[in-house]
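Chemist: Coordinates in input-v4.cif, mmCIF, C-alpha atoms and all ligand atoms, are listed below.
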data_work
#
loop_
_atom_site.label_atom_id
_atom_site.label_comp_id
_atom_site.auth_asym_id
_atom_site.auth_seq_id
_atom_site.Cartn_x
_atom_site.Cartn_y
_atom_site.Cartn_z
CA MET A 202 23.69 -113.37 -21.14
CA PHE A 203 22.03 -114.56 -17.91
CA GLU A 204 21.88 -110.96 -16.70
CA ASP A 205 20.35 -109.86 -20.02
CA SER A 206 17.56 -112.44 -19.67
CA LEU A 207 16.83 -111.17 -16.16
CA TYR A 208 16.51 -107.61 -17.48
CA PHE A 209 14.25 -108.86 -20.27
CA ILE A 210 12.00 -110.68 -17.79
CA LEU A 211 11.92 -107.66 -15.44
CA GLY A 212 11.09 -105.38 -18.39
CA SER A 213 8.21 -107.65 -19.47
CA ILE A 214 6.80 -107.65 -15.90
CA ILE A 215 6.98 -103.84 -15.90
CA GLY A 216 5.24 -103.93 -19.31
CA SER A 217 2.48 -106.07 -17.82
CA PHE A 218 1.96 -103.37 -15.16
CA LEU A 219 1.97 -100.68 -17.88
CA ASN A 220 -0.89 -102.59 -19.55
CA VAL A 221 -2.87 -102.30 -16.32
CA ILE A 222 -2.18 -98.55 -16.20
CA ILE A 223 -3.07 -98.07 -19.89
CA TYR A 224 -6.36 -99.94 -19.44
CA ARG A 225 -7.43 -98.51 -16.09
CA LEU A 226 -6.20 -94.89 -15.82
CA PRO A 227 -8.32 -93.48 -18.69
CA ARG A 228 -11.35 -95.37 -17.31
CA ASN A 229 -10.76 -93.91 -13.82
CA LEU A 230 -10.33 -97.38 -12.30
CA SER A 231 -7.93 -98.10 -9.45
CA ILE A 232 -4.58 -99.40 -10.67
CA ILE A 233 -3.98 -101.37 -7.45
CA SER A 234 -7.18 -103.36 -6.96
CA PRO A 235 -8.87 -105.51 -8.08
CA ARG A 236 -6.32 -107.96 -9.48
CA SER A 237 -6.10 -108.48 -13.24
CA PHE A 238 -9.36 -109.46 -14.87
CA CYS A 239 -10.49 -110.33 -18.39
CA PRO A 240 -11.96 -107.18 -20.03
CA LYS A 241 -14.56 -109.35 -21.80
CA CYS A 242 -15.95 -111.63 -19.06
CA ASP A 243 -14.56 -109.89 -15.91
CA GLU A 244 -13.13 -113.23 -14.70
CA MET A 245 -10.11 -112.81 -12.43
CA ILE A 246 -6.87 -113.97 -14.02
CA PRO A 247 -4.83 -116.15 -11.64
CA PHE A 248 -1.13 -115.24 -11.41
CA TYR A 249 0.00 -118.41 -13.24
CA ARG A 250 -2.11 -117.36 -16.26
CA ASN A 251 -0.83 -113.81 -16.11
CA ILE A 252 2.78 -114.39 -17.18
CA PRO A 253 3.95 -111.59 -19.49
CA ILE A 254 4.18 -112.51 -23.21
CA LEU A 255 4.09 -116.30 -22.54
CA SER A 256 0.48 -116.55 -21.31
CA PHE A 257 -0.69 -114.85 -24.51
CA ILE A 258 1.24 -117.35 -26.64
CA PHE A 259 0.18 -120.47 -24.68
CA GLN A 260 -3.48 -119.42 -24.64
CA LEU A 261 -3.30 -118.52 -28.35
CA GLY A 262 -4.47 -114.99 -27.59
CA LYS A 263 -7.71 -116.13 -25.95
CA CYS A 264 -9.17 -115.79 -22.48
CA ASN A 265 -9.06 -119.15 -20.71
CA HIS A 266 -12.53 -118.64 -19.26
CA CYS A 267 -14.67 -117.08 -22.00
CA SER A 268 -12.42 -117.72 -25.05
CA GLY A 269 -12.75 -114.00 -25.87
CA LYS A 270 -9.90 -112.64 -27.97
CA ILE A 271 -7.14 -110.89 -26.03
CA SER A 272 -5.77 -107.85 -27.82
CA ILE A 273 -2.33 -108.31 -29.41
CA HIS A 274 -1.51 -104.91 -27.85
CA TYR A 275 -0.87 -106.58 -24.48
CA PRO A 276 2.09 -108.77 -25.51
CA ILE A 277 3.39 -106.02 -27.84
CA ILE A 278 3.56 -103.54 -24.94
CA GLU A 279 5.27 -106.19 -22.77
CA ILE A 280 7.84 -106.91 -25.49
CA ILE A 281 8.57 -103.21 -26.10
CA SER A 282 9.05 -102.62 -22.34
CA ALA A 283 11.34 -105.66 -22.09
CA VAL A 284 13.49 -104.71 -25.09
CA ALA A 285 13.63 -101.08 -23.91
CA LEU A 286 14.96 -102.11 -20.48
CA LEU A 287 17.57 -104.31 -22.12
CA VAL A 288 18.67 -101.47 -24.43
CA THR A 289 18.67 -99.03 -21.49
CA VAL A 290 21.11 -101.09 -19.40
CA ILE A 291 23.33 -101.62 -22.45
CA LEU A 292 23.48 -97.90 -23.32
CA PHE A 293 23.52 -96.28 -19.89
CA SER A 294 25.05 -96.98 -16.54
CA TYR A 295 23.48 -96.57 -13.13
CA PRO A 296 21.95 -94.13 -12.07
CA GLU A 297 21.32 -92.55 -15.50
CA ALA A 298 19.73 -95.81 -16.70
CA VAL A 299 17.10 -95.57 -13.94
CA LEU A 300 16.07 -92.06 -14.98
CA PHE A 301 16.08 -92.89 -18.69
CA TYR A 302 13.82 -95.93 -18.23
CA TRP A 303 11.58 -93.99 -15.86
CA MET A 304 11.10 -91.27 -18.49
CA PHE A 305 10.69 -93.89 -21.23
CA VAL A 306 7.86 -95.81 -19.57
CA HIS A 307 5.99 -92.59 -18.78
CA LEU A 308 6.32 -91.27 -22.36
CA PHE A 309 5.31 -94.69 -23.68
CA VAL A 310 2.14 -94.91 -21.57
CA LEU A 311 1.25 -91.24 -22.20
CA SER A 312 1.62 -91.80 -25.96
CA VAL A 313 -0.60 -94.88 -26.02
CA ILE A 314 -3.31 -93.20 -23.88
CA ASP A 315 -3.18 -89.95 -25.90
CA GLN A 316 -3.40 -91.89 -29.17
CA LYS A 317 -6.46 -93.86 -28.06
CA TRP A 318 -8.30 -91.54 -25.65
CA MET A 319 -7.00 -88.09 -26.59
CA LYS A 320 -6.37 -87.31 -22.97
CA ILE A 321 -3.40 -87.03 -20.66
CA PRO A 322 -3.75 -88.33 -17.09
CA ILE A 323 -2.30 -85.69 -14.76
CA SER A 324 -1.14 -88.43 -12.33
CA LEU A 325 1.38 -89.61 -14.95
CA LEU A 326 2.78 -86.09 -15.37
CA ILE A 327 3.10 -85.83 -11.58
CA SER A 328 4.90 -89.15 -11.12
CA MET A 329 7.19 -88.28 -14.05
CA THR A 330 8.08 -84.98 -12.36
CA LEU A 331 8.60 -86.59 -8.95
CA GLY A 332 11.02 -89.13 -10.46
CA LEU A 333 12.97 -86.38 -12.20
CA MET A 334 13.13 -84.29 -9.02
CA GLY A 335 14.14 -87.28 -6.92
CA TYR A 336 16.94 -88.09 -9.36
CA HIS A 337 18.34 -84.55 -9.16
CA LEU A 338 18.00 -84.40 -5.38
CA ILE A 339 19.94 -87.63 -4.91
CA TRP A 340 22.48 -87.68 -7.74
CA THR A 341 22.93 -84.29 -9.41
CA VAL A 342 25.53 -81.78 -8.32
CA ASP A 343 24.95 -79.27 -11.11
CA LEU A 344 21.36 -78.10 -11.25
CA MET A 345 22.00 -75.65 -14.11
CA VAL A 346 20.83 -78.06 -16.83
CA PRO A 347 17.42 -78.96 -15.37
CA ILE A 348 16.72 -75.41 -14.21
CA SER A 349 17.67 -73.72 -17.51
CA GLY A 350 15.76 -76.39 -19.47
CA LEU A 351 12.76 -75.82 -17.20
CA ILE A 352 12.91 -72.06 -17.84
CA VAL A 353 13.05 -72.61 -21.62
CA GLY A 354 10.05 -74.98 -21.33
CA ILE A 355 8.06 -72.37 -19.40
CA GLY A 356 9.14 -69.73 -21.94
CA PHE A 357 7.76 -71.99 -24.67
CA ILE A 358 4.38 -72.23 -22.90
CA VAL A 359 4.18 -68.43 -22.54
CA PHE A 360 5.11 -68.06 -26.23
CA VAL A 361 2.54 -70.60 -27.50
CA VAL A 362 -0.28 -69.41 -25.25
CA GLY A 363 0.49 -65.76 -26.12
CA LEU A 364 0.63 -66.48 -29.87
CA ASN A 365 -2.60 -68.51 -29.76
CA TRP A 366 -4.34 -65.74 -27.88
CA LEU A 367 -3.14 -63.11 -30.36
CA ILE A 368 -4.19 -65.10 -33.44
CA PHE A 369 -7.15 -67.22 -32.35
CA HIS A 370 -8.14 -65.44 -29.11
CA LYS A 371 -8.21 -68.84 -27.40
CA GLN A 372 -5.97 -71.66 -26.28
CA THR A 373 -5.59 -74.31 -29.01
CA MET A 374 -2.69 -76.47 -27.82
CA GLY A 375 -3.59 -78.88 -25.01
CA TRP A 376 -2.42 -78.02 -21.48
CA GLY A 377 -1.15 -81.57 -21.04
CA ASP A 378 1.12 -81.16 -24.08
CA LEU A 379 2.45 -77.86 -22.72
CA ILE A 380 3.15 -79.25 -19.24
CA LEU A 381 4.95 -82.21 -20.80
CA VAL A 382 7.17 -79.78 -22.76
CA VAL A 383 8.22 -78.15 -19.45
CA ILE A 384 9.00 -81.55 -17.87
CA LEU A 385 10.98 -82.60 -20.95
CA GLY A 386 12.84 -79.26 -20.84
CA ALA A 387 14.00 -80.03 -17.30
CA TRP A 388 15.07 -83.52 -18.39
CA LEU A 389 16.77 -82.75 -21.71
CA GLY A 390 18.23 -79.23 -21.36
CA THR A 391 17.83 -75.98 -23.32
CA ILE A 392 19.03 -76.72 -26.87
CA GLN A 393 17.70 -80.25 -26.67
CA ILE A 394 14.15 -79.16 -25.85
CA PHE A 395 14.18 -76.76 -28.82
CA LEU A 396 15.35 -79.60 -31.09
CA THR A 397 12.72 -81.91 -29.59
CA ILE A 398 9.85 -79.49 -30.28
CA PHE A 399 11.19 -78.86 -33.80
CA LEU A 400 11.54 -82.58 -34.60
CA ALA A 401 8.14 -83.39 -33.05
CA SER A 402 6.46 -80.73 -35.19
CA ILE A 403 8.04 -82.13 -38.35
CA LEU A 404 7.05 -85.72 -37.46
CA ALA A 405 3.49 -84.63 -36.60
CA LEU A 406 3.22 -82.69 -39.87
CA VAL A 407 4.48 -85.65 -41.93
CA ALA A 408 2.08 -87.98 -40.10
CA PHE A 409 -0.79 -85.54 -40.65
CA LEU A 410 -0.02 -85.35 -44.39
CA LEU A 411 0.22 -89.14 -44.65
CA PHE A 412 -3.09 -89.64 -42.81
CA SER A 413 -4.69 -86.98 -45.03
CA ILE A 414 -3.49 -88.73 -48.19
CA ILE A 415 -4.69 -92.13 -46.96
CA ASN A 416 -7.97 -91.15 -45.26
CA GLY A 417 -8.76 -87.81 -46.87
CA PHE A 418 -8.23 -84.37 -45.38
CA ASN A 419 -10.21 -83.75 -42.22
CA ARG A 420 -9.75 -80.38 -40.58
CA ALA A 421 -11.54 -81.34 -37.40
CA LYS A 422 -9.40 -84.44 -36.89
CA TYR A 423 -7.50 -84.24 -33.63
CA LEU A 424 -3.86 -85.17 -33.98
CA PRO A 425 -2.36 -86.41 -30.71
CA PHE A 426 0.94 -84.61 -30.21
CA ILE A 427 2.33 -86.65 -27.29
CA PRO A 428 3.51 -89.64 -29.41
CA TYR A 429 5.59 -87.34 -31.65
CA LEU A 430 6.90 -85.37 -28.68
CA SER A 431 7.88 -88.63 -26.96
CA ILE A 432 9.64 -90.18 -29.94
CA SER A 433 11.53 -86.92 -30.53
CA ALA A 434 12.56 -86.55 -26.87
CA ILE A 435 13.96 -90.10 -26.79
CA LEU A 436 15.81 -89.61 -30.11
CA ILE A 437 17.28 -86.26 -29.03
CA TYR A 438 18.35 -87.75 -25.67
CA LEU A 439 20.07 -90.64 -27.46
CA PHE A 440 21.72 -88.72 -30.30
CA TYR A 441 22.23 -85.25 -28.88
CA PRO A 442 23.33 -85.87 -25.28
CA LEU A 443 24.26 -83.07 -22.90
ZN ZN B 1 -12.70 -113.78 -20.45
#
Give the structure from this file in structure tokens form.
Ligand SMILES: [Zn+2]
Modeler:
Amino acid sequence: MFEDSLYFILGSIIGSFLNVIIYRLPRNLSIISPRSFCPKCDEMIPFYRNIPILSFIFQLGKCNHCSGKISIHYPIIEIISAVALLVTVILFSYPEAVLFYWMFVHLFVLSVIDQKWMKIPISLLISMTLGLMGYHLIWTVDLMVPISGLIVGIGFIVFVVGLNWLIFHKQTMGWGDLILVVILGAWLGTIQIFLTIFLASILALVAFLLFSIINGFNRAKYLPFIPYLSISAILIYLFYPL
């Protein structure tokens, strides 16, 4: 129980850092300096007012300096990160837990940024890849799974780009989405990456139909694919392990 609370606190601190990344990366701001500031009044937030989840509750969701409303997204992201770390250490043992949480936080941040900004910071794809490579260099004896998954991922890119070129004579799927498919292929394995793409396409289609029913059909509307790809990858990893 004591250990669980420590993981929850650690997860919420990581979530607080993810908030910084989600706010600053798409705006091309440094994620290291300056220290946390209020997005409304630019006032620096001292560390004792920057406690994950709790500060939001104690300050009733308002900035202590300008009384500007703080988005509910901040504590939600901290809570999701905390619960996810707790679930990770319950489901997986070391070192698999480290890799799973590493992949989770990257997919989480990529999904939120893609949903809001419709862009995919390349630095996140790089750090995701480096973590995956580091894991295999240190802990894996059998490299067949990541390498064959990687090949299937690359095959998928060639297929999609080729098909798009044949039909539309241009590239319609985002490069960020395609690169993420390759990274996920190396993480999940061959059959799993096929299932992930399949599931993600179904989820995206259902979401698109639902949005169309609610908001009216809009052909030009961009549908971010990363959230569906991420949810599918996590589900396939959990329910269809290697
Ligand atoms: Zn403020």
Chemist: Between A:Leu430, A:Ile258, A:Ile415, A:Leu410, single out the one closest to Phe395 in chain A, counting all atoms listed in the file.
Modeler: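 Once distances to Phe395 in chain A are computed over all atoms listed in the file, the minimum belongs to A:Leu430.
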Chemist: Output as a tab-separated table one row per residue of chain A within 6 Å of ligand ZN 1 (chain B): the closest atom pair and its distance in Å to one decimal place, counting only C-alpha atoms and all ligand atoms, sorted by chain and residue number ascending.
Modeler:
residue	atom	partner	partner_atom	distance
A:Cys239	CA	B:ZN1	ZN	4.6
A:Lys241	CA	B:ZN1	ZN	5.0
A:Cys242	CA	B:ZN1	ZN	4.1
A:Glu244	CA	B:ZN1	ZN	5.8
A:Cys264	CA	B:ZN1	ZN	4.5
A:His266	CA	B:ZN1	ZN	5.0
A:Cys267	CA	B:ZN1	ZN	4.1
A:Gly269	CA	B:ZN1	ZN	5.4
Chemist: Can you work out which one of A:Leu424, A:Val383, A:Leu364, A:Ile392 has the shortest atom-to-atom distance to Leu404 in chain A, counting only C-alpha atoms?
Modeler: A:Leu424
Chemist: Which range 286-360 of chain A residues have any atom within 7 Å of an atom of range 384-391 of chain A, and for each, what is the nearest pair of atoms with distance in Å to one decimal, counting all atoms listed in the file, rows sorted by chain and number, as JSON lines?
Modeler:
{"residue": "A:Thr330", "atom": "CA", "partner": "A:Ile384", "partner_atom": "CA", "distance": 6.6}
{"residue": "A:Val346", "atom": "CA", "partner": "A:Gly390", "partner_atom": "CA", "distance": 5.4}
{"residue": "A:Pro347", "atom": "CA", "partner": "A:Ala387", "partner_atom": "CA", "distance": 4.1}
{"residue": "A:Ile348", "atom": "CA", "partner": "A:Ala387", "partner_atom": "CA", "distance": 6.2}
{"residue": "A:Ser349", "atom": "CA", "partner": "A:Thr391", "partner_atom": "CA", "distance": 6.2}
{"residue": "A:Gly350", "atom": "CA", "partner": "A:Gly390", "partner_atom": "CA", "distance": 4.2}
{"residue": "A:Leu351", "atom": "CA", "partner": "A:Ala387", "partner_atom": "CA", "distance": 4.4}
{"residue": "A:Val353", "atom": "CA", "partner": "A:Thr391", "partner_atom": "CA", "distance": 6.1}
{"residue": "A:Gly354", "atom": "CA", "partner": "A:Gly386", "partner_atom": "CA", "distance": 5.1}
Chemist: When you count all atoms listed in the file, which of these residues is closest to Arg228 in chain A: A:Ala283, A:Leu344, A:Leu396, A:Ile321?
Modeler: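 Between A:Ala283, A:Leu344, A:Leu396, A:Ile321, the residue approaching Arg228 in chain A most closely is A:Ile321.
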Chemist: Do you know which residues are at most 9 Å from Gly377 in chain A counting only C-alpha atoms, after dropping those on the same chain fewer than 5 positions away, and could you put them as a list in words?
Modeler: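 So the residues in contact are Lys320, Ile321, Pro322, Ile323, Leu326, Val382 and Ile427 of chain A.
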Chemist: Work out how far CA of Ile432 in chain A is from CA of Phe409 in chain A, in Å to one decimal.
Modeler: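 Separation of CA of Phe409 in chain A and CA of Ile432 in chain A: 15.7 Å.
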Chemist: So, counting only C-alpha atoms, which residue among A:Tyr224, A:Phe293, A:Trp376, A:Phe259 is closest to Lys317 in chain A?
Modeler: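 Smallest separation from Lys317 in chain A among the options: A:Tyr224.
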Chemist: Excluding Ile273 in chain A and any residue of its chain fewer than 5 positions from it, enumerate the residues within 9 Å of it, using only C-alpha atoms, and give them as a PyMOL selection string.
Modeler: chain A and resi 257+262+278
Chemist: Provide the CA of Phe238 in chain A to CA of Ser312 in chain A distance in Å, to one decimal place.
Modeler: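 Interatomic distance, CA of Phe238 in chain A to CA of Ser312 in chain A: 23.6 Å.
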Chemist: Determine, counting all atoms listed in the file, which protein, DNA and RNA residues have an atom within 7 Å of an atom of range 232-236 of chain A; residues of the same chain fewer than 4 positions away are not included. Present the result as a ChimeraX atom specification.
Modeler: /A:221-222,225,245
Chemist: In Å, rounded to a single decimal, give me how far CA of Asn365 in chain A is from CA of Val310 in chain A.
Modeler: 28.0 Å
Chemist: Taking all atoms listed in the file into account, name the residue in A:Met345, A:Leu287, A:Leu292, A:Ala408 that is nearest to Leu443 in chain A.
Modeler: A:Met345
Chemist: Skipping near chain neighbours, those fewer than 4 positions away, what residues fall within 9 Å of Trp318 in chain A using all atoms listed in the file, listed as JSON, numbers by chain?
Modeler: {"A": [227, 313, 314]}
Chemist: Excluding same-chain residues fewer than 5 positions from range 296-299 of chain A, what lies within 8 Å of it counting all atoms listed in the file, as number ranges by chain?
Modeler: A: 289-290, 340
Chemist: Tell me which of A:Ser231, A:Ser431, A:Ser256, A:Thr341 sits closest to Phe309 in chain A, counting only C-alpha atoms.
Modeler: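 Closest residue, counting only C-alpha atoms: A:Ser431.
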Chemist: Could all heavy atoms be built for range 378-389 of chain A and written out as a tab-separated table (two decimals), in the coordinates of the input?
Modeler:
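Printed below is part-v2.tsv as written:
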chain	number	residue	atom	x	y	z
A	378	ASP	N	-0.04	-81.23	-23.18
A	378	ASP	CA	1.12	-81.16	-24.08
A	378	ASP	C	2.11	-80.12	-23.58
A	378	ASP	O	3.32	-80.34	-23.57
A	378	ASP	CB	0.67	-80.75	-25.50
A	378	ASP	CG	-0.27	-81.77	-26.12
A	378	ASP	OD1	-0.31	-82.89	-25.62
A	378	ASP	OD2	-0.95	-81.43	-27.09
A	379	LEU	N	1.58	-78.95	-23.16
A	379	LEU	CA	2.45	-77.86	-22.72
A	379	LEU	C	3.20	-78.22	-21.44
A	379	LEU	O	4.40	-77.96	-21.32
A	379	LEU	CB	1.62	-76.58	-22.51
A	379	LEU	CG	1.04	-75.97	-23.79
A	379	LEU	CD1	0.07	-74.85	-23.46
A	379	LEU	CD2	2.15	-75.45	-24.71
A	380	ILE	N	2.49	-78.86	-20.50
A	380	ILE	CA	3.15	-79.25	-19.24
A	380	ILE	C	4.24	-80.28	-19.53
A	380	ILE	O	5.33	-80.23	-18.97
A	380	ILE	CB	2.12	-79.80	-18.23
A	380	ILE	CG1	1.18	-78.67	-17.80
A	380	ILE	CG2	2.80	-80.40	-17.01
A	380	ILE	CD1	-0.05	-79.12	-17.03
A	381	LEU	N	3.95	-81.20	-20.46
A	381	LEU	CA	4.95	-82.21	-20.80
A	381	LEU	C	6.21	-81.55	-21.40
A	381	LEU	O	7.32	-81.98	-21.14
A	381	LEU	CB	4.38	-83.25	-21.77
A	381	LEU	CG	5.32	-84.42	-22.07
A	381	LEU	CD1	5.65	-85.20	-20.80
A	381	LEU	CD2	4.74	-85.35	-23.11
A	382	VAL	N	6.02	-80.49	-22.19
A	382	VAL	CA	7.17	-79.78	-22.76
A	382	VAL	C	8.06	-79.23	-21.63
A	382	VAL	O	9.29	-79.32	-21.69
A	382	VAL	CB	6.70	-78.63	-23.70
A	382	VAL	CG1	7.87	-77.71	-24.04
A	382	VAL	CG2	6.10	-79.19	-24.97
A	383	VAL	N	7.44	-78.69	-20.58
A	383	VAL	CA	8.22	-78.15	-19.45
A	383	VAL	C	9.00	-79.27	-18.76
A	383	VAL	O	10.20	-79.14	-18.47
A	383	VAL	CB	7.29	-77.44	-18.43
A	383	VAL	CG1	8.08	-76.98	-17.22
A	383	VAL	CG2	6.61	-76.26	-19.10
A	384	ILE	N	8.32	-80.41	-18.52
A	384	ILE	CA	9.00	-81.55	-17.87
A	384	ILE	C	10.17	-82.04	-18.73
A	384	ILE	O	11.27	-82.28	-18.24
A	384	ILE	CB	8.00	-82.71	-17.61
A	384	ILE	CG1	6.87	-82.23	-16.70
A	384	ILE	CG2	8.72	-83.90	-16.99
A	384	ILE	CD1	5.72	-83.24	-16.58
A	385	LEU	N	9.92	-82.14	-20.04
A	385	LEU	CA	10.98	-82.60	-20.95
A	385	LEU	C	12.13	-81.60	-20.99
A	385	LEU	O	13.29	-81.98	-21.10
A	385	LEU	CB	10.41	-82.83	-22.36
A	385	LEU	CG	9.49	-84.03	-22.51
A	385	LEU	CD1	8.92	-84.10	-23.92
A	385	LEU	CD2	10.21	-85.34	-22.18
A	386	GLY	N	11.80	-80.29	-20.88
A	386	GLY	CA	12.84	-79.26	-20.84
A	386	GLY	C	13.78	-79.49	-19.66
A	386	GLY	O	15.00	-79.42	-19.80
A	387	ALA	N	13.19	-79.80	-18.50
A	387	ALA	CA	14.00	-80.03	-17.30
A	387	ALA	C	14.81	-81.32	-17.43
A	387	ALA	O	15.88	-81.46	-16.82
A	387	ALA	CB	13.09	-80.11	-16.07
A	388	TRP	N	14.34	-82.27	-18.20
A	388	TRP	CA	15.07	-83.52	-18.39
A	388	TRP	C	16.19	-83.35	-19.42
A	388	TRP	O	17.34	-83.76	-19.21
A	388	TRP	CB	14.12	-84.64	-18.83
A	388	TRP	CG	14.78	-85.96	-19.08
A	388	TRP	CD1	15.77	-86.54	-18.33
A	388	TRP	CD2	14.51	-86.88	-20.15
A	388	TRP	NE1	16.12	-87.77	-18.87
A	388	TRP	CE2	15.36	-88.00	-19.98
A	388	TRP	CE3	13.61	-86.88	-21.23
A	388	TRP	CZ2	15.35	-89.09	-20.86
A	388	TRP	CZ3	13.59	-87.98	-22.08
A	388	TRP	CH2	14.45	-89.06	-21.90
A	389	LEU	N	15.86	-82.73	-20.56
A	389	LEU	CA	16.77	-82.75	-21.71
A	389	LEU	C	17.77	-81.60	-21.73
A	389	LEU	O	18.90	-81.77	-22.18
A	389	LEU	CB	15.95	-82.70	-23.01
A	389	LEU	CG	14.98	-83.85	-23.25
A	389	LEU	CD1	14.03	-83.51	-24.37
A	389	LEU	CD2	15.73	-85.13	-23.57
